[in-house]
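Shown below: model32.txt, with compact mmCIF, C-alpha atoms and all ligand atoms.
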# COMPACT_ATOMS: atom_id res chain seq x y z
CA MET W 5 85.04 72.31 72.98
CA ASP W 6 85.49 74.79 70.16
CA PHE W 7 88.55 77.02 70.41
CA VAL W 8 88.78 77.99 66.76
CA LEU W 9 87.96 81.62 66.00
CA ASP W 10 86.25 82.25 62.68
CA ALA W 11 87.18 85.03 60.25
CA GLY W 12 84.63 87.44 61.76
CA GLN W 13 85.97 86.91 65.26
CA LYS W 14 89.56 87.40 64.10
CA GLU W 15 88.56 90.61 62.33
CA PHE W 16 86.74 91.79 65.48
CA ARG W 17 89.96 91.27 67.48
CA ALA W 18 92.05 93.04 64.83
CA GLU W 19 89.63 96.01 64.77
CA LEU W 20 89.70 96.27 68.55
CA ARG W 21 93.50 96.14 68.60
CA ARG W 22 93.71 98.87 65.98
CA PHE W 23 91.35 101.02 68.03
CA LEU W 24 93.12 100.43 71.36
CA SER W 25 96.65 100.89 70.04
CA SER W 26 95.78 104.11 68.22
CA GLU W 27 93.81 105.58 71.15
CA LEU W 28 96.14 104.52 73.97
CA THR W 29 99.52 105.76 72.83
CA ASP W 30 102.40 106.22 75.30
CA GLU W 31 101.78 109.96 75.25
CA VAL W 32 98.08 109.47 76.15
CA ARG W 33 99.03 107.02 78.91
CA ASP W 34 101.46 109.53 80.44
CA ARG W 35 99.06 112.43 80.17
CA HIS W 36 96.08 110.67 81.76
CA ARG W 37 97.81 108.50 84.36
CA ASP W 38 96.30 108.75 87.86
CA LEU W 39 97.46 106.13 90.35
CA SER W 40 94.86 107.17 92.90
CA GLU W 41 92.24 105.58 90.62
CA TRP W 42 91.74 101.79 90.72
CA ASP W 43 92.58 101.38 87.02
CA GLY W 44 95.37 103.98 87.02
CA TRP W 45 93.48 106.33 84.66
CA GLU W 46 92.09 109.83 85.30
CA ALA W 47 88.39 109.45 85.98
CA GLY W 48 87.33 112.07 83.43
CA PHE W 49 89.39 110.43 80.69
CA ALA W 50 87.97 107.00 81.57
CA GLU W 51 84.39 108.29 81.22
CA GLU W 52 85.19 109.90 77.88
CA PHE W 53 86.83 106.66 76.73
CA ARG W 54 83.75 104.66 77.80
CA ARG W 55 81.63 106.75 75.41
CA ARG W 56 84.18 106.30 72.61
CA LEU W 57 84.03 102.51 73.12
CA GLY W 58 80.25 102.78 73.01
CA ALA W 59 80.25 104.89 69.85
CA ARG W 60 82.38 102.25 68.11
CA GLY W 61 79.92 99.51 69.12
CA PHE W 62 82.43 97.59 71.23
CA ILE W 63 80.55 97.58 74.55
CA GLY W 64 77.32 96.06 73.27
CA ALA W 65 78.94 93.99 70.52
CA THR W 66 77.59 90.72 71.93
CA TRP W 67 74.09 91.82 73.00
CA PRO W 68 70.94 91.38 70.93
CA ALA W 69 70.30 94.16 68.42
CA GLU W 70 66.95 95.15 70.01
CA TYR W 71 68.83 96.40 73.09
CA GLY W 72 71.42 98.40 71.18
CA GLY W 73 73.79 95.48 70.68
CA GLY W 74 75.74 94.06 67.76
CA GLY W 75 74.42 90.47 67.94
CA ARG W 76 77.84 88.79 68.18
CA ASP W 77 78.43 85.81 70.50
CA ALA W 78 80.26 85.03 73.76
CA ARG W 79 83.57 84.39 72.02
CA GLU W 80 83.69 88.02 70.91
CA ARG W 81 82.82 88.89 74.51
CA VAL W 82 85.95 87.15 75.79
CA ILE W 83 88.02 88.70 72.99
CA PHE W 84 86.76 92.16 74.02
CA ALA W 85 87.65 91.52 77.67
CA GLU W 86 91.01 89.96 76.76
CA GLU W 87 92.13 92.86 74.58
CA MET W 88 90.83 95.55 76.96
CA GLU W 89 92.78 93.92 79.77
CA TYR W 90 95.87 93.38 77.63
CA TYR W 91 96.01 97.07 76.77
CA GLY W 92 95.17 98.09 80.37
CA ALA W 93 92.35 100.15 78.90
CA PRO W 94 90.31 102.67 80.92
CA ALA W 95 86.61 102.02 81.66
CA PHE W 96 87.12 98.27 81.63
CA ASP W 97 84.78 97.50 84.50
CA ARG W 98 81.53 95.81 85.49
CA SER W 99 79.42 98.27 83.47
CA VAL W 100 80.92 97.16 80.15
CA THR W 101 81.12 93.45 80.99
CA TYR W 102 79.08 91.49 83.51
CA VAL W 103 76.35 93.86 84.76
CA PRO W 104 74.84 94.10 81.24
CA ASP W 105 75.02 90.30 80.97
CA ALA W 106 73.18 89.94 84.28
CA ILE W 107 70.50 92.43 83.15
CA LEU W 108 70.10 90.49 79.91
CA GLN W 109 69.73 87.27 81.86
CA PHE W 110 67.46 88.41 84.70
CA GLY W 111 66.07 91.88 83.95
CA SER W 112 62.46 92.59 82.95
CA GLU W 113 61.76 93.78 79.40
CA ALA W 114 61.39 97.31 80.77
CA GLN W 115 64.75 97.09 82.58
CA LYS W 116 66.53 95.72 79.49
CA SER W 117 65.05 98.47 77.29
CA GLU W 118 65.89 101.17 79.80
CA PHE W 119 69.44 100.24 80.77
CA LEU W 120 71.07 98.21 77.99
CA PRO W 121 71.06 100.84 75.21
CA ARG W 122 72.50 103.42 77.64
CA LEU W 123 75.14 100.98 78.88
CA ALA W 124 76.00 100.12 75.25
CA ARG W 125 76.58 103.82 74.54
CA GLY W 126 78.75 104.11 77.67
CA GLU W 127 76.33 106.62 79.18
CA CYS W 128 75.80 105.11 82.63
CA THR W 129 77.60 102.95 85.19
CA PHE W 130 76.73 100.50 87.96
CA PHE W 131 78.33 99.25 91.16
CA LEU W 132 77.70 95.86 92.77
CA GLY W 133 76.15 96.02 96.22
CA TYR W 134 76.53 92.49 97.52
CA SER W 135 79.15 92.50 100.33
CA GLU W 136 78.58 93.94 103.78
CA PRO W 137 80.80 94.29 106.85
CA ASP W 138 79.50 90.90 108.11
CA ALA W 139 78.64 89.22 104.82
CA GLY W 140 81.43 88.42 102.37
CA SER W 141 82.02 84.79 101.33
CA ASP W 142 78.90 83.93 103.32
CA LEU W 143 76.86 86.40 101.29
CA ALA W 144 73.48 84.94 102.27
CA SER W 145 74.03 86.42 105.75
CA LEU W 146 73.51 89.93 104.38
CA GLN W 147 71.50 92.24 106.64
CA THR W 148 70.54 95.20 104.44
CA ARG W 149 66.72 95.33 104.56
CA ALA W 150 64.21 96.27 101.89
CA GLU W 151 60.75 96.65 103.40
CA ALA W 152 57.72 96.74 101.11
CA ARG W 153 55.58 99.85 101.63
CA GLY W 154 52.87 100.28 99.03
CA ASP W 155 54.50 100.76 95.63
CA THR W 156 57.98 101.15 97.02
CA PHE W 157 60.61 99.33 99.04
CA VAL W 158 62.50 101.14 101.78
CA LEU W 159 66.16 100.19 101.78
CA THR W 160 68.29 100.42 104.91
CA GLY W 161 71.75 98.98 105.51
CA GLN W 162 75.45 99.11 104.86
CA LYS W 163 77.42 97.77 101.89
CA ALA W 164 81.21 97.32 101.87
CA TYR W 165 83.93 97.06 99.20
CA SER W 166 81.55 98.60 96.69
CA SER W 167 83.94 99.09 93.78
CA GLY W 168 83.15 102.13 91.68
CA ALA W 169 80.21 103.22 93.87
CA ASP W 170 81.57 106.76 94.12
CA ARG W 171 80.90 107.36 90.41
CA ALA W 172 78.07 104.91 89.77
CA ASP W 173 74.69 106.03 88.48
CA TYR W 174 73.02 102.83 89.73
CA GLY W 175 73.57 100.10 92.28
CA TRP W 176 72.89 96.39 91.65
CA VAL W 177 71.94 95.81 95.26
CA ALA W 178 71.04 92.69 97.21
CA ALA W 179 68.75 93.15 100.23
CA ARG W 180 66.73 91.02 102.61
CA THR W 181 63.01 91.20 101.84
CA ASP W 182 61.81 88.36 104.09
CA PRO W 183 63.67 88.22 107.41
CA GLU W 184 61.61 85.19 108.52
CA ALA W 185 62.57 82.98 105.55
CA PRO W 186 65.66 80.71 105.52
CA LYS W 187 68.57 83.03 104.72
CA HIS W 188 68.98 82.12 101.01
CA ARG W 189 65.25 82.46 100.36
CA GLY W 190 64.53 85.90 101.76
CA ILE W 191 66.79 87.99 99.50
CA SER W 192 65.84 90.17 96.52
CA LEU W 193 67.88 92.12 93.99
CA PHE W 194 67.20 95.78 93.12
CA ILE W 195 68.53 98.36 90.69
CA VAL W 196 68.94 101.45 92.88
CA ASP W 197 69.19 104.95 91.45
CA MET W 198 72.23 106.47 93.20
CA ALA W 199 70.68 109.95 92.95
CA SER W 200 68.03 108.85 95.51
CA PRO W 201 67.99 110.71 98.84
CA GLY W 202 69.48 108.84 101.84
CA ILE W 203 72.66 107.41 100.26
CA ARG W 204 76.09 108.11 101.79
CA ILE W 205 79.40 106.98 100.30
CA ALA W 206 82.74 106.80 102.13
CA GLY W 207 86.24 106.04 100.77
CA HIS W 208 88.87 103.69 102.29
CA GLU W 209 92.39 103.73 100.86
CA THR W 210 93.93 100.40 99.77
CA THR W 211 97.59 99.37 99.93
CA ALA W 212 97.73 99.81 96.15
CA GLY W 213 96.88 103.52 96.55
CA TRP W 214 93.28 103.70 95.28
CA GLU W 215 90.05 103.82 97.29
CA HIS W 216 87.43 101.23 98.07
CA HIS W 217 83.99 102.58 98.89
CA SER W 218 81.32 101.70 101.37
CA VAL W 219 77.71 102.71 100.80
CA ALA W 220 75.13 103.40 103.52
CA PHE W 221 71.42 103.31 102.65
CA ASP W 222 69.28 105.22 105.11
CA ALA W 223 65.57 104.62 104.38
CA VAL W 224 66.13 104.96 100.63
CA GLU W 225 62.93 104.63 98.62
CA VAL W 226 63.17 102.21 95.71
CA PRO W 227 60.24 101.78 93.30
CA ARG W 228 58.75 98.29 92.94
CA ASP W 229 59.73 98.09 89.26
CA ALA W 230 63.38 98.30 90.35
CA LEU W 231 63.10 94.69 91.55
CA VAL W 232 65.13 92.31 89.34
CA GLY W 233 63.55 88.87 89.00
CA ASP W 234 61.14 87.55 91.62
CA LEU W 235 60.54 88.94 95.09
CA ASN W 236 62.63 86.77 97.45
CA GLY W 237 64.19 85.13 94.38
CA GLY W 238 67.37 87.21 94.58
CA TRP W 239 69.70 84.33 95.42
CA ARG W 240 69.16 82.78 91.99
CA VAL W 241 69.84 86.16 90.37
CA ILE W 242 72.99 86.67 92.44
CA MET W 243 74.36 83.20 91.69
CA GLY W 244 73.72 83.62 87.95
CA ALA W 245 75.22 87.12 87.98
CA ILE W 246 78.30 85.89 89.86
CA ASP W 247 78.89 83.15 87.27
CA THR W 248 78.66 85.83 84.58
CA GLU W 249 81.09 87.98 86.58
CA ARG W 250 83.59 85.12 86.98
CA ALA W 251 83.40 84.35 83.25
CA ALA W 252 84.18 88.00 82.44
CA LEU W 253 86.95 88.31 85.03
CA SER W 254 88.64 85.14 83.76
CA ALA W 255 89.62 86.81 80.48
CA PRO W 256 93.35 86.22 80.01
CA GLY W 257 94.53 89.65 78.83
CA LEU W 258 96.27 90.45 82.10
CA VAL W 259 98.41 87.30 82.15
CA ARG W 260 99.33 87.73 78.48
CA ALA W 261 100.38 91.32 79.18
CA GLN W 262 102.39 90.36 82.29
CA LEU W 263 104.16 87.56 80.41
CA ASP W 264 105.01 89.64 77.34
CA ARG W 265 106.34 92.42 79.56
CA LEU W 266 108.48 90.03 81.59
CA VAL W 267 109.91 88.26 78.53
CA GLU W 268 110.77 91.63 76.99
CA HIS W 269 112.45 92.74 80.20
CA CYS W 270 114.54 89.54 80.35
CA ARG W 271 115.50 89.95 76.70
CA GLU W 272 116.72 93.51 77.26
CA THR W 273 118.43 93.07 80.63
CA PRO W 274 122.14 92.25 80.39
CA ALA W 275 123.38 89.31 82.47
CA GLU W 276 126.82 87.74 83.03
CA GLU W 277 126.58 86.07 79.63
CA GLY W 278 124.30 87.79 77.15
CA ALA W 279 120.86 88.72 78.47
CA LEU W 280 118.82 87.50 81.42
CA LEU W 281 116.77 85.47 78.95
CA ASP W 282 119.88 83.40 78.08
CA ASP W 283 120.06 82.06 81.64
CA PRO W 284 118.59 78.50 81.42
CA ALA W 285 116.92 78.81 84.83
CA VAL W 286 115.20 82.05 83.77
CA ALA W 287 114.21 80.60 80.38
CA ASP W 288 112.80 77.51 82.09
CA ARG W 289 110.73 79.62 84.47
CA LEU W 290 109.39 81.75 81.63
CA ALA W 291 108.50 78.66 79.61
CA ARG W 292 106.47 77.29 82.53
CA LEU W 293 104.70 80.62 82.93
CA ALA W 294 103.96 80.70 79.19
CA ILE W 295 102.33 77.27 79.43
CA GLU W 296 100.19 78.41 82.34
CA SER W 297 99.27 81.59 80.53
CA ASP W 298 98.14 79.53 77.52
CA ALA W 299 96.14 77.29 79.85
CA ALA W 300 94.42 80.37 81.30
CA GLN W 301 93.58 81.59 77.80
CA LEU W 302 92.21 78.23 76.67
CA THR W 303 90.15 77.74 79.83
CA SER W 304 88.60 81.16 79.40
CA TYR W 305 87.83 80.48 75.69
CA TRP W 306 86.32 77.13 76.68
CA VAL W 307 83.89 78.88 79.06
CA ALA W 308 83.04 81.38 76.30
CA SER W 309 82.37 78.55 73.85
CA LEU W 310 80.02 76.88 76.38
CA ILE W 311 78.09 80.15 76.74
CA ALA W 312 78.03 80.59 72.94
CA ARG W 313 76.40 77.14 72.72
CA GLY W 314 73.63 78.31 75.04
CA GLU W 315 74.90 76.56 78.17
CA ARG W 316 75.14 78.18 81.62
CA PRO W 317 78.58 77.18 82.93
CA GLN W 318 78.90 77.33 86.71
CA HIS W 319 81.90 75.54 88.21
CA GLU W 320 83.65 76.07 84.85
CA THR W 321 83.63 79.85 85.41
CA SER W 322 85.25 79.32 88.82
CA LEU W 323 87.89 77.09 87.23
CA ALA W 324 88.69 79.68 84.56
CA LEU W 325 88.93 82.45 87.16
CA LEU W 326 91.13 80.35 89.44
CA VAL W 327 93.55 79.36 86.64
CA LYS W 328 93.82 82.97 85.45
CA ARG W 329 94.35 84.51 88.86
CA GLU W 330 96.82 81.89 90.09
CA THR W 331 98.83 82.42 86.91
CA ALA W 332 98.69 86.19 87.43
CA ARG W 333 99.95 85.77 91.00
CA GLU W 334 102.83 83.58 89.82
CA LEU W 335 103.70 86.21 87.24
CA ASP W 336 103.54 88.94 89.93
CA VAL W 337 106.04 87.02 92.06
CA ALA W 338 108.30 86.01 89.16
CA THR W 339 108.44 89.61 87.91
CA LEU W 340 109.32 91.02 91.32
CA GLU W 341 112.01 88.38 91.85
CA LEU W 342 113.56 88.85 88.42
CA LEU W 343 113.56 92.64 88.77
CA GLY W 344 115.34 92.37 92.11
CA ALA W 345 115.49 95.34 94.50
CA PRO W 346 114.42 97.99 91.93
CA GLY W 347 111.10 96.16 91.63
CA SER W 348 110.19 97.39 95.09
CA LEU W 349 110.46 101.07 94.10
CA HIS W 350 107.29 103.14 94.33
CA PRO W 351 105.71 103.75 90.89
CA ASP W 352 106.59 107.48 91.15
CA ALA W 353 110.23 106.88 92.24
CA PRO W 354 112.88 107.89 89.66
CA GLY W 355 114.23 104.78 87.93
CA ALA W 356 111.34 102.50 88.94
CA PRO W 357 111.54 99.67 86.37
CA LEU W 358 108.70 98.86 83.95
CA GLY W 359 107.07 102.17 84.68
CA GLY W 360 106.71 101.22 88.35
CA ALA W 361 103.72 99.06 87.51
CA VAL W 362 104.94 95.88 89.14
CA LEU W 363 104.81 96.69 92.84
CA ARG W 364 101.40 98.35 92.43
CA GLU W 365 100.07 95.28 90.62
CA TYR W 366 101.54 92.96 93.24
CA LEU W 367 99.71 94.87 95.98
CA ASP W 368 96.56 95.33 93.94
CA HIS W 369 96.28 91.65 93.09
CA LEU W 370 96.03 90.74 96.76
CA TYR W 371 92.30 90.91 96.13
CA PHE W 372 92.54 87.90 93.80
CA HIS W 373 92.78 85.82 96.97
CA PHE W 374 89.23 86.67 98.03
CA ALA W 375 87.17 88.99 95.78
CA ALA W 376 84.43 87.63 93.43
CA GLY W 377 85.25 84.17 94.76
CA GLY W 378 88.94 84.03 95.64
CA PHE W 379 91.16 80.99 95.61
CA ASP W 380 89.36 79.18 98.47
CA ILE W 381 85.82 79.84 97.32
CA THR W 382 86.41 78.97 93.66
CA ARG W 383 88.13 75.72 94.77
CA ASN W 384 85.06 74.95 96.92
CA VAL W 385 82.76 75.52 93.92
CA ILE W 386 84.87 73.27 91.68
CA ALA W 387 84.94 70.56 94.38
CA THR W 388 81.23 70.60 95.18
CA ARG W 389 79.46 71.69 91.98
CA GLY W 390 82.06 70.38 89.53
CA LEU W 391 83.36 67.18 91.11
CA GLY W 392 80.33 66.39 93.28
CA LEU W 393 82.42 66.15 96.45
CA PRO W 394 80.55 66.52 99.76
CA ARG W 395 80.43 69.94 101.45
CA GLY W 396 82.93 69.85 104.30
C1 LIG W 401 89.32 94.79 95.39
C2 LIG W 401 87.99 94.30 95.87
C3 LIG W 401 86.86 94.66 95.17
C4 LIG W 401 85.62 94.23 95.63
N1 LIG W 401 84.52 94.65 94.94
C5 LIG W 401 83.31 94.33 95.42
C6 LIG W 401 82.15 94.89 94.82
O1 LIG W 401 82.23 95.65 93.87
N2 LIG W 401 80.95 94.56 95.34
C7 LIG W 401 80.82 93.71 96.40
O2 LIG W 401 79.69 93.45 96.78
N3 LIG W 401 81.89 93.19 97.00
C8 LIG W 401 83.14 93.49 96.54
N4 LIG W 401 84.25 93.00 97.16
C9 LIG W 401 84.10 92.17 98.35
C10 LIG W 401 84.43 90.71 98.09
O3 LIG W 401 83.42 90.12 97.34
C11 LIG W 401 84.64 90.07 99.45
O4 LIG W 401 85.91 90.50 99.88
C12 LIG W 401 84.58 88.58 99.39
O5 LIG W 401 83.25 88.15 99.22
C13 LIG W 401 85.16 87.93 100.66
O6 LIG W 401 84.50 88.43 101.78
P1 LIG W 401 85.32 88.96 103.04
O7 LIG W 401 86.31 89.97 102.56
O8 LIG W 401 84.32 89.40 104.06
O9 LIG W 401 86.16 87.72 103.57
P2 LIG W 401 85.64 86.47 104.39
O10 LIG W 401 84.37 85.96 103.81
O11 LIG W 401 85.66 86.84 105.82
O12 LIG W 401 86.78 85.42 104.09
C14 LIG W 401 88.10 85.58 104.63
C15 LIG W 401 88.98 84.48 104.06
O13 LIG W 401 88.43 83.19 104.39
C16 LIG W 401 88.23 82.41 103.24
N5 LIG W 401 86.97 81.66 103.36
C17 LIG W 401 85.77 82.16 103.71
N6 LIG W 401 84.83 81.18 103.70
C18 LIG W 401 85.45 80.05 103.32
C19 LIG W 401 85.03 78.70 103.12
N7 LIG W 401 83.75 78.33 103.26
N8 LIG W 401 85.96 77.78 102.73
C20 LIG W 401 87.27 78.13 102.56
N9 LIG W 401 87.73 79.38 102.76
C21 LIG W 401 86.84 80.35 103.12
C22 LIG W 401 88.10 83.42 102.08
O14 LIG W 401 88.51 82.88 100.85
C23 LIG W 401 89.04 84.52 102.52
O15 LIG W 401 90.37 84.24 102.12
C24 LIG W 401 85.51 93.40 96.75
C25 LIG W 401 86.65 93.05 97.46
C26 LIG W 401 87.88 93.50 97.04
C27 LIG W 401 89.07 93.15 97.86
The structure given in the file should be rewritten as structure tokens.
Ligand SMILES: Cc1cc2nc3c(=O)[nH]c(=O)nc-3n(C[C@H](O)[C@H](O)[C@H](O)COP(=O)(O)OP(=O)(O)OC[C@H]3O[C@@H](n4cnc5c(N)ncnc54)[C@H](O)[C@@H]3O)c2cc1C
Amino acid sequence: MDFVLDAGQKEFRAELRRFLSSELTDEVRDRHRDLSEWDGWEAGFAEEFRRRLGARGFIGATWPAEYGGGGRDARERVIFAEEMEYYGAPAFDRSVTYVPDAILQFGSEAQKSEFLPRLARGECTFFLGYSEPDAGSDLASLQTRAEARGDTFVLTGQKAYSSGADRADYGWVAARTDPEAPKHRGISLFIVDMASPGIRIAGHETTAGWEHHSVAFDAVEVPRDALVGDLNGGWRVIMGAIDTERAALSAPGLVRAQLDRLVEHCRETPAEEGALLDDPAVADRLARLAIESDAAQLTSYWVASLIARGERPQHETSLALLVKRETARELDVATLELLGAPGSLHPDAPGAPLGGAVLREYLDHLYFHFAAGGFDITRNVIATRGLGLPRG
């Protein structure tokens, strides 16, 4: 394991921090806040910010130079994700993190040359079209069909929980191409142009106040060169892409931000004697959370160092994601409990503490229990792929 950052990596972090703190001032945050968006930022501002990140070379920093990247390694990738999350930056989504990694890993030369430079410049976005109404954790049961007809495939089916599909230029879509084959062997992966005729998108409001989207494909024509990897070889692509996704999502910026915010709150909140932070029970709880937050950071760096060495971590990415999200959930609960009743105020209510962020985050983070491999699924992966335990 190699957790030590070299001078170049430290400078990369410092440069990113300078950029994020100067761009995302309190005034900018107030002006562009929009709680109906999943990341709390006005959509137009987020798109503009994506291009600014691209212009500074941050998005593609870790990709090979021939695809518009900066040639850095996976440790800079985790630093990028960590700092973006810590600052709660706009445009921090699949199109600047794991979709490009999956294209690098599985895309054809033509796909890499077409999409990576545009993604690096922040000029286009993707959504992930895996889940369906009857295929979530058991993804191999997906029913969306792609039928080969001459030089095209005809895509028909329904995707669910398609984050960001409403503004995506492309879909990274899994579909069944051989209905006769065993279910894991008849799936293929396509890059679908969302401007194609026959696509309908619907919104569904979440408890946190933003919208999920579902996407219906009605005989959508997809060219053959939109196939990623081998025909009927989509399961391998999906599994590799999901490991990449878990590695990216395990970045520890969120837990660092939650912890710093909570410690600050306890330092500033008067208690019977001194501040809340002077209460030994509170200090003990914060110390435990700080240890878990450090563990989340180190686990995530460990995964990045494996990738930087050319390995393909699998159960390790699930472990990193599990540690991060369980720590985030503990911080959600601790923050609500220590805030007391005011913590339950709506973000827009006068006097809502900590900018009203806490209740929204508590509700939003419900998805940590199941999305991208929630607590049960990541535990299953660690047990079977990591520890070699039998499948139950
Ligand atoms: C905020 C959010 C964003 C999402 N974004 C996307 C996206 O962009 N693209 C996309 O394709 N999908 C997305 N999803 C869907 C997500 O991947 C699915 O929710 C997930 O795969 C679980 O599927 P499900 O909801 O159908 O639950 P189910 O599969 O029905 O599972 C229900 C519960 O049972 C547990 N469970 C299921 N099987 C097992 C098992 N074998 N062992 C132990 N426990 C088990 C699960 O952990 C879960 O808690 C998103 C979901 C959310 C909430």
With all atoms listed in the file counted, collect every polymer residue having an atom within 6 Å of ligand LIG 401 (chain W); state the result as an MDAnalysis selection string.
chainID W and resid 131:135 139:142 165:167 371 373:376 378 380:381
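Taking atom CA of W:Gln162 and atom CA of W:Glu365 as endpoints, the distance between them is 28.7 Å.
Atom pair atom CA of W:Thr210 / atom CA of W:Ala47 has a distance of 17.4 Å (rounded to one decimal).
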Two-atom distance - atom CA of W:Pro394, atom CA of W:Asp138 (Å):
25.8 Å
I'd like the neighbourhood of W:Arg333 as an MDAnalysis selection string, where a residue qualifies if any of its atoms comes within 12 Å (using only C-alpha atoms), though same-chain residues fewer than 6 positions away should be ignored.
chainID W and resid 258:259 262:263 293 296:297 326:327 339:340 362 365:373 379
Between W:Glu51, W:Leu342, W:Tyr305, W:Pro104, which is the closest to W:Arg271 once you count only C-alpha atoms?
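Looking only at the distances to W:Arg271, the closest residue turns out to be W:Leu342.
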N, CA and C atoms for stretch 12-25 of chain W, written as an mmCIF file, in the frame of the given file, could you do that?
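File rebuild-v3.cif, as written:
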data_model
loop_
_atom_site.group_PDB
_atom_site.id
_atom_site.type_symbol
_atom_site.label_atom_id
_atom_site.label_comp_id
_atom_site.auth_asym_id
_atom_site.auth_seq_id
_atom_site.Cartn_x
_atom_site.Cartn_y
_atom_site.Cartn_z
ATOM 1 N N GLY W 12 85.280 86.270 61.165
ATOM 2 C CA GLY W 12 84.630 87.440 61.760
ATOM 3 C C GLY W 12 85.181 87.753 63.135
ATOM 4 N N GLN W 13 85.437 86.704 63.905
ATOM 5 C CA GLN W 13 85.970 86.910 65.260
ATOM 6 C C GLN W 13 87.408 87.427 65.205
ATOM 7 N N LYS W 14 88.178 86.907 64.247
ATOM 8 C CA LYS W 14 89.560 87.400 64.100
ATOM 9 C C LYS W 14 89.556 88.868 63.672
ATOM 10 N N GLU W 15 88.633 89.225 62.792
ATOM 11 C CA GLU W 15 88.560 90.610 62.330
ATOM 12 C C GLU W 15 88.113 91.528 63.476
ATOM 13 N N PHE W 16 87.191 91.010 64.327
ATOM 14 C CA PHE W 16 86.740 91.790 65.480
ATOM 15 C C PHE W 16 87.948 92.085 66.395
ATOM 16 N N ARG W 17 88.780 91.060 66.625
ATOM 17 C CA ARG W 17 89.960 91.270 67.480
ATOM 18 C C ARG W 17 90.915 92.285 66.832
ATOM 19 N N ALA W 18 91.119 92.140 65.518
ATOM 20 C CA ALA W 18 92.050 93.040 64.830
ATOM 21 C C ALA W 18 91.545 94.491 64.902
ATOM 22 N N GLU W 19 90.218 94.661 64.731
ATOM 23 C CA GLU W 19 89.630 96.010 64.770
ATOM 24 C C GLU W 19 89.798 96.622 66.158
ATOM 25 N N LEU W 20 89.568 95.794 67.177
ATOM 26 C CA LEU W 20 89.700 96.270 68.550
ATOM 27 C C LEU W 20 91.153 96.656 68.856
ATOM 28 N N ARG W 21 92.079 95.831 68.383
ATOM 29 C CA ARG W 21 93.500 96.140 68.600
ATOM 30 C C ARG W 21 93.895 97.439 67.918
ATOM 31 N N ARG W 22 93.388 97.623 66.688
ATOM 32 C CA ARG W 22 93.710 98.870 65.980
ATOM 33 C C ARG W 22 93.189 100.070 66.769
ATOM 34 N N PHE W 23 91.960 99.924 67.277
ATOM 35 C CA PHE W 23 91.350 101.020 68.030
ATOM 36 C C PHE W 23 92.158 101.290 69.304
ATOM 37 N N LEU W 24 92.457 100.240 70.070
ATOM 38 C CA LEU W 24 93.120 100.430 71.360
ATOM 39 C C LEU W 24 94.546 100.961 71.181
ATOM 40 N N SER W 25 95.258 100.435 70.176
ATOM 41 C CA SER W 25 96.650 100.890 70.040
ATOM 42 C C SER W 25 96.707 102.320 69.512
#
